[in-house]
Amino acid sequence: MTLDTALQLTIGGLVSGSLYGLVLIGILLIYRVSRVVNFAHGQIGMVAAMCAFFLVPHFGLPIAVALGLGLAVAALVSYLVDILVISRVTKIGSGFDLIATLGVMMFLTAIVELVASPKSFKFFSLGAQIEFTFLGVYFNANDLTVILTLAVVLGLLALVLNKTGLGLSIRAVAISPEIARTTGVNVQAVRALVWAAGGAIAGVAAILIASKVTLNAFYMTPFLVKAFVAGIVGGLDRFVRPMAIAVGLGLLESWVVYWLGADARIPAVFLLIIVVLGVLPSKYLQDLEQRP
Amino acid sequence: MFNMQSVARSDGRGGPENLRHMAWVTGGCLLVFALPFILETYWLYLVGVTAVYAIAGLGLVILFGFTGQLSLAHASFFGIGAYVSAIGGVHYGLPGIVTLPIAFAICLGAGAFVGIFALRISGLRFALITLSFGELFYWASVRWSDVTGGEQGLYAEPLSVMGIDFGDPINAYFLFAALGLLATALCFRLRDSSFGRAMAATRDSELAARSSGVSVARTRYIAFVIGALFSGVAGWLFSGHVGAISPNFFDMFASLNMLVAVIIGGVKTPLGAWVGAAYLVFVPELFGMAGVSNLYPILSGALLVLIVLVLPVGIVPALQQALRHLGTSRGDKQ
C-alpha cells in the first residue's frame, strides 16, 4: 500500500464520516434542548432534498434558490413536528417521544413515496464533476464541500452557543427549562428555534448526501443509523465524543472496504458496536447527567 | 379457609368478576369454533397469520411491555425460527415437527447470548446492541445464499404431523388458534406470577426493584430469553404457514413494525399483541381491497402518532377502561 492510497482512503473516510457527523449534529442539538430522540431527523432532511429536486424542473428555479427553499421547508417541518407532536407527547411520559418520532418518520416516508412515486432519481451533482489532484490524491469539489460544511456548521454552532446571549439561553434551557423560564428566558421560542435550526441542518446533510447517492424515500436510513450509532455509543448528552465516533465510523468503513471488500462493511461496523459496548468499562457508558 | 372466604366477600366483586371471566372465555371459545363456518378459506388463512404474529407480539409484550426493554432484533429471532424450519425441510428433508426443537434450541442459544448484554447495558444502548445483531442476521441471511436462498429466500413445506396436513387452512387455523391461546394464557400467568411482579418493578423503578431484593439484571436477562423464544416459535410456525420466506420479513423494519403493532394494541397487556397482530395482517389487506394500498403506510405513521397522543396506553387498555366505565355508570343507575 502506498502513501497515496492511504491518504485517499483517509479522505474518503473523512467525507462519509463528516456526513454522519452532519446528520448527528441536529440530533444532538435537539436532544440537548428537549431530551427527545428524534428518529424523524433523517426524513425531515430528506424533505429538503426532495423539495429542492422537484422545485427546479417545475418552477424553473436556479438550483441555489431551490436548495434554500428546501432548507426552509425542512426547518418548518421540524418546527411543526415539535409543536404538533413532540411538545404534547413529552407531557404524557418518557419513552413515548421515541415512538412518536418513529411515527413521524413513517409518515414522512410514506408521504414522500406517494408524492414522488417510489422511483429513484439522480440528484444535482453539487460539484462532483470538478476534479483535481493534489499530492497524488484525487479530490472533487463535492467532497471538499462536505468537509468544509461540517467545519462551518460546527464553528457557527460553537460561536452561537458559547458567545451569544441566544446561546446562553439555549444552554440554560438544556440544563433546566423550569429554571430558565423563571429567569425570563422564552423557553418556547428557544425550543422552536432549536427545532427549526435542527431541521435546516438535517436538510444540509440530506442535500449533500443526496448528491452522492440515488435519491428515493429511503436514502437517508443508513446515514441516520450510523449517526444514531455514534450518538448512542458516545452519549446523546455529550458533543465531542459522539462527533468523533461519527467521523471514526466513516474512516473505519473506508479502510474496511479497502482491505476486505464492500461486503464486509456492515459486519465490521456492527460487530465493532457489539464488541465495544460489550467490553467497554461501565464508567464510559454512564451518561453525563441522569435526569429523572 | 375462613380467611379466604372473608377475603372473597370483603372484595365484594369476586363472584361477578369470576362470572364475567367465565363469560369472556366461553365467548372466546365459541368464536374460535364459529369462525371456520363464517369465514372463507383465505380469511381463515389470514387469521392463522394473525395468530402467528400475535405469538411473536406476546414476546414483545413480555420484553417491552412488562420489562421495559426495547429490542430491535425481535424479527431476527422470528427469522431464526422461520429459516430453521425452511432450511431443515429444503436441504435436509426434515419433517416440520423435527425442526421445532432445533429452532427452539437455536433461539434459546441466540437469546441467551444476546441477552448477556442486557446484564450490564440497558435503554437505548441495549436497543443498539439488538439492532446490531439484527443487522448481522439480515446480512448473513442475504449473503449465505447457498443455504438461505439469498434475497430470493426459500420455499417451505407446510407442516404435517401424524398424517394431519396443516397446509389445509382449516387445520392450520385450529392449530394456530390453540397455540395462540396457549401462548396468551402463558403470558397472563407470567404477568401474575412473582416473576411478573419482578419484571414490572424492573420496568417502573430499578431502584425500588433492587431495594426489594429483585435482581434487575437477572430479570432483564430471563425476560429477553423468553421474548426470543416466543418470537422464534412464531417464526417456525410462520414459515410452514406462509410457504415462502425471504430476508425482508426479518429486517429492521420488520422489527419496528412488530413494535408498532404491539404499541397500537397496548403493550402492557397480552390482548394488545392480538389487536396489534390483527392490525398488521388485516389493515393492509383491507386497504388493498379498497384499491388504495399506497395509503396504508401514511395511515400507519399517522395512527402511531395519534395513538401515542390520544391513547398512549394502546387500544385494548383504552377499550377495557371504557367498558369498565360503562359498567360502573350502569351500576350507579341501578
# chains A, B, ... in the order shown; residues from 1 in each chain; ligands from 1

call {"tool": "interface_residues", "arguments": {"of": "chain A", "to": "chain B", "cutoff": "9 Å", "atoms": "only C-alpha atoms", "output": "PDB file with N, CA and C atoms, in the first residue's frame"}}
result
ATOM      1  N   VAL A  85     -46.523  17.499  17.713  1.00  0.00           N
ATOM      2  CA  VAL A  85     -46.404  16.148  18.274  1.00  0.00           C
ATOM      3  C   VAL A  85     -45.546  16.123  19.537  1.00  0.00           C
ATOM      4  N   ARG A  88     -46.435  17.840  22.884  1.00  0.00           N
ATOM      5  CA  ARG A  88     -47.573  17.215  23.559  1.00  0.00           C
ATOM      6  C   ARG A  88     -47.216  15.856  24.128  1.00  0.00           C
ATOM      7  N   VAL A  89     -46.370  15.127  23.384  1.00  0.00           N
ATOM      8  CA  VAL A  89     -46.051  13.760  23.799  1.00  0.00           C
ATOM      9  C   VAL A  89     -45.215  13.743  25.065  1.00  0.00           C
ATOM     10  N   ILE A  92     -46.949  13.386  28.276  1.00  0.00           N
ATOM     11  CA  ILE A  92     -47.590  12.115  28.640  1.00  0.00           C
ATOM     12  C   ILE A  92     -46.653  11.260  29.487  1.00  0.00           C
ATOM     13  N   PHE A  96     -42.425   7.799  25.233  1.00  0.00           N
ATOM     14  CA  PHE A  96     -43.379   7.967  24.148  1.00  0.00           C
ATOM     15  C   PHE A  96     -42.812   8.814  23.005  1.00  0.00           C
ATOM     16  N   ASP A  97     -41.835   9.675  23.337  1.00  0.00           N
ATOM     17  CA  ASP A  97     -41.230  10.530  22.308  1.00  0.00           C
ATOM     18  C   ASP A  97     -40.613   9.692  21.194  1.00  0.00           C
ATOM     19  N   ILE A  99     -41.411   6.697  20.221  1.00  0.00           N
ATOM     20  CA  ILE A  99     -42.425   6.051  19.394  1.00  0.00           C
ATOM     21  C   ILE A  99     -43.099   7.080  18.497  1.00  0.00           C
ATOM     22  N   ALA A 100     -43.339   8.284  19.053  1.00  0.00           N
ATOM     23  CA  ALA A 100     -43.979   9.317  18.249  1.00  0.00           C
ATOM     24  C   ALA A 100     -43.086   9.752  17.086  1.00  0.00           C
ATOM     25  N   THR A 101     -41.766   9.917  17.340  1.00  0.00           N
ATOM     26  CA  THR A 101     -40.902  10.322  16.229  1.00  0.00           C
ATOM     27  C   THR A 101     -40.781   9.191  15.203  1.00  0.00           C
ATOM     28  N   LEU A 102     -40.895   7.956  15.694  1.00  0.00           N
ATOM     29  CA  LEU A 102     -40.925   6.817  14.768  1.00  0.00           C
ATOM     30  C   LEU A 102     -42.138   6.937  13.847  1.00  0.00           C
ATOM     31  N   GLY A 103     -43.290   7.306  14.428  1.00  0.00           N
ATOM     32  CA  GLY A 103     -44.496   7.506  13.637  1.00  0.00           C
ATOM     33  C   GLY A 103     -44.320   8.624  12.624  1.00  0.00           C
ATOM     34  N   VAL A 104     -43.697   9.729  13.060  1.00  0.00           N
ATOM     35  CA  VAL A 104     -43.458  10.851  12.142  1.00  0.00           C
ATOM     36  C   VAL A 104     -42.559  10.401  10.992  1.00  0.00           C
ATOM     37  N   MET A 105     -41.538   9.612  11.338  1.00  0.00           N
ATOM     38  CA  MET A 105     -40.625   9.107  10.307  1.00  0.00           C
ATOM     39  C   MET A 105     -41.379   8.293   9.267  1.00  0.00           C
ATOM     40  N   MET A 106     -42.241   7.371   9.733  1.00  0.00           N
ATOM     41  CA  MET A 106     -43.000   6.532   8.798  1.00  0.00           C
ATOM     42  C   MET A 106     -43.936   7.384   7.955  1.00  0.00           C
ATOM     43  N   PHE A 107     -44.545   8.383   8.605  1.00  0.00           N
ATOM     44  CA  PHE A 107     -45.498   9.260   7.933  1.00  0.00           C
ATOM     45  C   PHE A 107     -44.811  10.048   6.814  1.00  0.00           C
ATOM     46  N   LEU A 108     -43.672  10.688   7.141  1.00  0.00           N
ATOM     47  CA  LEU A 108     -42.961  11.492   6.132  1.00  0.00           C
ATOM     48  C   LEU A 108     -42.494  10.602   4.980  1.00  0.00           C
ATOM     49  N   THR A 109     -41.976   9.417   5.317  1.00  0.00           N
ATOM     50  CA  THR A 109     -41.515   8.497   4.274  1.00  0.00           C
ATOM     51  C   THR A 109     -42.665   8.166   3.327  1.00  0.00           C
ATOM     52  N   ALA A 110     -43.829   7.842   3.919  1.00  0.00           N
ATOM     53  CA  ALA A 110     -44.965   7.426   3.099  1.00  0.00           C
ATOM     54  C   ALA A 110     -45.468   8.578   2.228  1.00  0.00           C
ATOM     55  N   ILE A 111     -45.505   9.791   2.790  1.00  0.00           N
ATOM     56  CA  ILE A 111     -45.968  10.949   2.020  1.00  0.00           C
ATOM     57  C   ILE A 111     -45.049  11.179   0.821  1.00  0.00           C
ATOM     58  N   GLU A 113     -43.035   9.100  -0.595  1.00  0.00           N
ATOM     59  CA  GLU A 113     -43.146   7.994  -1.545  1.00  0.00           C
ATOM     60  C   GLU A 113     -44.371   8.163  -2.425  1.00  0.00           C
ATOM     61  N   LEU A 114     -45.449   8.656  -1.821  1.00  0.00           N
ATOM     62  CA  LEU A 114     -46.701   8.831  -2.564  1.00  0.00           C
ATOM     63  C   LEU A 114     -46.583   9.971  -3.566  1.00  0.00           C
ATOM     64  N   PHE A 228     -27.021   7.625  14.640  1.00  0.00           N
ATOM     65  CA  PHE A 228     -27.533   7.181  15.931  1.00  0.00           C
ATOM     66  C   PHE A 228     -26.537   6.264  16.641  1.00  0.00           C
ATOM     67  N   VAL A 229     -25.876   5.418  15.857  1.00  0.00           N
ATOM     68  CA  VAL A 229     -24.847   4.556  16.450  1.00  0.00           C
ATOM     69  C   VAL A 229     -23.829   5.425  17.184  1.00  0.00           C
ATOM     70  N   ILE A 232     -25.509   7.234  20.255  1.00  0.00           N
ATOM     71  CA  ILE A 232     -25.883   6.391  21.395  1.00  0.00           C
ATOM     72  C   ILE A 232     -24.642   5.816  22.067  1.00  0.00           C
ATOM     73  N   VAL A 233     -23.656   5.392  21.258  1.00  0.00           N
ATOM     74  CA  VAL A 233     -22.432   4.869  21.867  1.00  0.00           C
ATOM     75  C   VAL A 233     -21.702   5.989  22.611  1.00  0.00           C
ATOM     76  N   ASP A 263     -18.473  -5.951   0.850  1.00  0.00           N
ATOM     77  CA  ASP A 263     -19.358  -6.847   1.598  1.00  0.00           C
ATOM     78  C   ASP A 263     -19.117  -6.785   3.096  1.00  0.00           C
ATOM     79  N   ILE A 266     -20.897  -3.851   6.555  1.00  0.00           N
ATOM     80  CA  ILE A 266     -21.942  -3.986   7.581  1.00  0.00           C
ATOM     81  C   ILE A 266     -21.464  -4.827   8.771  1.00  0.00           C
ATOM     82  N   PRO A 267     -20.918  -6.053   8.535  1.00  0.00           N
ATOM     83  CA  PRO A 267     -20.466  -6.813   9.710  1.00  0.00           C
ATOM     84  C   PRO A 267     -19.390  -6.089  10.492  1.00  0.00           C
ATOM     85  N   VAL A 269     -18.888  -2.830  10.982  1.00  0.00           N
ATOM     86  CA  VAL A 269     -19.438  -1.767  11.825  1.00  0.00           C
ATOM     87  C   VAL A 269     -20.212  -2.352  12.998  1.00  0.00           C
ATOM     88  N   PHE A 270     -21.113  -3.310  12.715  1.00  0.00           N
ATOM     89  CA  PHE A 270     -21.996  -3.768  13.787  1.00  0.00           C
ATOM     90  C   PHE A 270     -21.285  -4.706  14.762  1.00  0.00           C
ATOM     91  N   LEU A 271     -20.315  -5.488  14.254  1.00  0.00           N
ATOM     92  CA  LEU A 271     -19.519  -6.300  15.187  1.00  0.00           C
ATOM     93  C   LEU A 271     -18.745  -5.402  16.134  1.00  0.00           C
ATOM     94  N   ILE A 273     -19.580  -2.428  17.147  1.00  0.00           N
ATOM     95  CA  ILE A 273     -20.501  -1.882  18.157  1.00  0.00           C
ATOM     96  C   ILE A 273     -20.697  -2.886  19.277  1.00  0.00           C
ATOM     97  N   ILE A 274     -20.947  -4.152  18.871  1.00  0.00           N
ATOM     98  CA  ILE A 274     -21.211  -5.186  19.876  1.00  0.00           C
ATOM     99  C   ILE A 274     -19.996  -5.360  20.778  1.00  0.00           C
ATOM    100  N   LEU A 277     -19.460  -2.071  23.001  1.00  0.00           N
ATOM    101  CA  LEU A 277     -20.425  -1.958  24.096  1.00  0.00           C
ATOM    102  C   LEU A 277     -20.289  -3.124  25.070  1.00  0.00           C
ATOM    103  N   GLY A 278     -19.794  -4.271  24.553  1.00  0.00           N
ATOM    104  CA  GLY A 278     -19.655  -5.441  25.407  1.00  0.00           C
ATOM    105  C   GLY A 278     -18.489  -5.352  26.372  1.00  0.00           C
ATOM    106  N   SER A 282     -17.849   0.218  32.446  1.00  0.00           N
ATOM    107  CA  SER A 282     -19.156   0.869  32.539  1.00  0.00           C
ATOM    108  C   SER A 282     -19.052   2.365  32.834  1.00  0.00           C
ATOM    109  N   LEU A 285     -19.908   4.177  29.923  1.00  0.00           N
ATOM    110  CA  LEU A 285     -21.281   4.024  29.456  1.00  0.00           C
ATOM    111  C   LEU A 285     -22.242   4.894  30.247  1.00  0.00           C
TER     112      LEU A 285
END

call {"tool": "residues_around", "arguments": {"residues": "region 154-166 of chain B", "least_positions_apart": "3", "cutoff": "6 Å", "atoms": "only C-alpha atoms", "output": "list of chain:residue names"}}
result
B:Ala86, B:Gly96, B:Gly149, B:Asn171, B:Ala172, B:Gly240, B:Gly243, B:Ala244, B:Ile245

call {"tool": "residues_around", "arguments": {"residues": "region 44-52 of chain B", "least_positions_apart": "2", "cutoff": "8 Å", "atoms": "only C-alpha atoms", "output": "list of chain:residue names"}}
result
B:Leu35, B:Pro36, B:Leu39, B:Glu40, B:Thr41, B:Tyr42, B:Ala54, B:Ile55, B:Ala56, B:Pro169, B:Ile170, B:Ala172, B:Tyr173, B:Phe176, B:Ala177, B:Gly180, B:Ala234, B:Gly235, B:Leu237, B:Phe238, B:His241, B:Val242, B:Trp274, B:Ala277, B:Ala278, B:Leu280, B:Val281, B:Phe282

call {"tool": "write_last_selection", "arguments": {"atoms": "C-alpha atoms", "output": "PDB file, in the first residue's frame"}}
result
ATOM      1  CA  LEU B  35     -65.074 -18.641  12.622  1.00  0.00           C
ATOM      2  CA  PRO B  36     -64.365 -21.581  10.234  1.00  0.00           C
ATOM      3  CA  LEU B  39     -65.054 -17.105   7.014  1.00  0.00           C
ATOM      4  CA  GLU B  40     -63.801 -18.114   3.584  1.00  0.00           C
ATOM      5  CA  THR B  41     -60.555 -20.090   3.372  1.00  0.00           C
ATOM      6  CA  TYR B  42     -58.392 -17.095   2.515  1.00  0.00           C
ATOM      7  CA  ALA B  54     -49.698 -12.470  17.951  1.00  0.00           C
ATOM      8  CA  ILE B  55     -47.397 -15.136  19.417  1.00  0.00           C
ATOM      9  CA  ALA B  56     -44.368 -13.101  18.335  1.00  0.00           C
ATOM     10  CA  PRO B 169     -56.097 -23.619   6.193  1.00  0.00           C
ATOM     11  CA  ILE B 170     -58.800 -25.093   8.463  1.00  0.00           C
ATOM     12  CA  ALA B 172     -53.772 -24.739  10.369  1.00  0.00           C
ATOM     13  CA  TYR B 173     -56.364 -22.401  11.812  1.00  0.00           C
ATOM     14  CA  PHE B 176     -52.627 -21.792  15.454  1.00  0.00           C
ATOM     15  CA  ALA B 177     -55.684 -20.791  17.456  1.00  0.00           C
ATOM     16  CA  GLY B 180     -52.034 -18.730  20.246  1.00  0.00           C
ATOM     17  CA  ALA B 234     -43.814 -17.953  15.960  1.00  0.00           C
ATOM     18  CA  GLY B 235     -41.268 -17.721  13.133  1.00  0.00           C
ATOM     19  CA  LEU B 237     -44.960 -21.560  12.503  1.00  0.00           C
ATOM     20  CA  PHE B 238     -44.841 -18.667  10.020  1.00  0.00           C
ATOM     21  CA  HIS B 241     -47.977 -21.453   7.054  1.00  0.00           C
ATOM     22  CA  VAL B 242     -46.930 -18.790   4.550  1.00  0.00           C
ATOM     23  CA  TRP B 274     -53.605  -9.835  19.261  1.00  0.00           C
ATOM     24  CA  ALA B 277     -51.224  -8.577  15.020  1.00  0.00           C
ATOM     25  CA  ALA B 278     -54.715  -8.201  13.554  1.00  0.00           C
ATOM     26  CA  LEU B 280     -50.580  -5.798  10.903  1.00  0.00           C
ATOM     27  CA  VAL B 281     -52.370  -8.501   8.902  1.00  0.00           C
ATOM     28  CA  PHE B 282     -55.861  -7.197   8.135  1.00  0.00           C
TER      29      PHE B 282
END

call {"tool": "select_by_dssp", "arguments": {"residues": "region 29-142 of chain B", "states": "alpha helix (DSSP H)", "output": "ChimeraX atom specification"}}
result
/B:29-38,41-60,74-92,96-115,123-142

call {"tool": "select_by_dssp", "arguments": {"residues": "region 74-221 of chain A", "states": "strand (DSSP E or B)", "output": "ChimeraX atom specification"}}
result
/A:121,131-134,137-140,215

call {"tool": "write_last_selection", "arguments": {"atoms": "C-alpha atoms", "output": "PDB file, in the first residue's frame"}}
result
ATOM      1  CA  PHE A 121     -33.676   9.857  -9.065  1.00  0.00           C
ATOM      2  CA  GLU A 131     -11.953  17.145 -10.070  1.00  0.00           C
ATOM      3  CA  PHE A 132      -8.303  17.782  -9.323  1.00  0.00           C
ATOM      4  CA  THR A 133      -5.270  16.003  -7.884  1.00  0.00           C
ATOM      5  CA  PHE A 134      -3.170  17.327  -5.040  1.00  0.00           C
ATOM      6  CA  VAL A 137      -4.527  12.340  -4.052  1.00  0.00           C
ATOM      7  CA  TYR A 138      -7.687  12.698  -6.081  1.00  0.00           C
ATOM      8  CA  PHE A 139     -10.219  15.283  -4.892  1.00  0.00           C
ATOM      9  CA  ASN A 140     -13.507  16.613  -6.122  1.00  0.00           C
ATOM     10  CA  LEU A 215     -32.455   9.832  -4.396  1.00  0.00           C
TER      11      LEU A 215
END

call {"tool": "closest_residue", "arguments": {"among": "B:Gln320, B:Tyr83, B:Cys187, B:Gly272", "to": "Gly227 (chain B)", "atoms": "only C-alpha atoms"}}
result
B:Cys187

call {"tool": "residues_around", "arguments": {"residues": "Lys226 (chain A)", "least_positions_apart": "2", "cutoff": "8 Å", "atoms": "only C-alpha atoms", "output": "list of chain:residue names"}}
result
A:Tyr20, A:Pro222, A:Phe223, A:Leu224, A:Phe228, A:Val229, A:Ala230, A:Ala246, A:Leu249

call {"tool": "atom_distance", "arguments": {"atom1": "CA of Ala180 (chain A)", "atom2": "CA of Ala192 (chain A)"}}
result
15.1 Å

call {"tool": "atom_distance", "arguments": {"atom1": "CA of Val61 (chain B)", "atom2": "CA of Ser215 (chain B)"}}
result
20.1 Å

call {"tool": "closest_residue", "arguments": {"among": "B:Leu229, B:Ala198, B:Leu186, B:Leu311", "to": "Gly266 (chain B)", "atoms": "only C-alpha atoms"}}
result
B:Leu311

call {"tool": "residues_around", "arguments": {"residues": "region 36-51 of chain A", "least_positions_apart": "3", "cutoff": "8 Å", "atoms": "only C-alpha atoms", "output": "VMD selection string"}}
result
chain A and resid 23 26 to 27 30 to 31 54 to 55 66 to 67 69 to 74 77 to 78 86 97 to 98 101 to 102 104 to 105 108 to 109 112 199 to 207 210 217 220 to 221 223 to 224

call {"tool": "closest_residue", "arguments": {"among": "A:Ala268, A:Ala158, A:Ala189, A:Leu144", "to": "Trp255 (chain A)", "atoms": "only C-alpha atoms"}}
result
A:Ala268
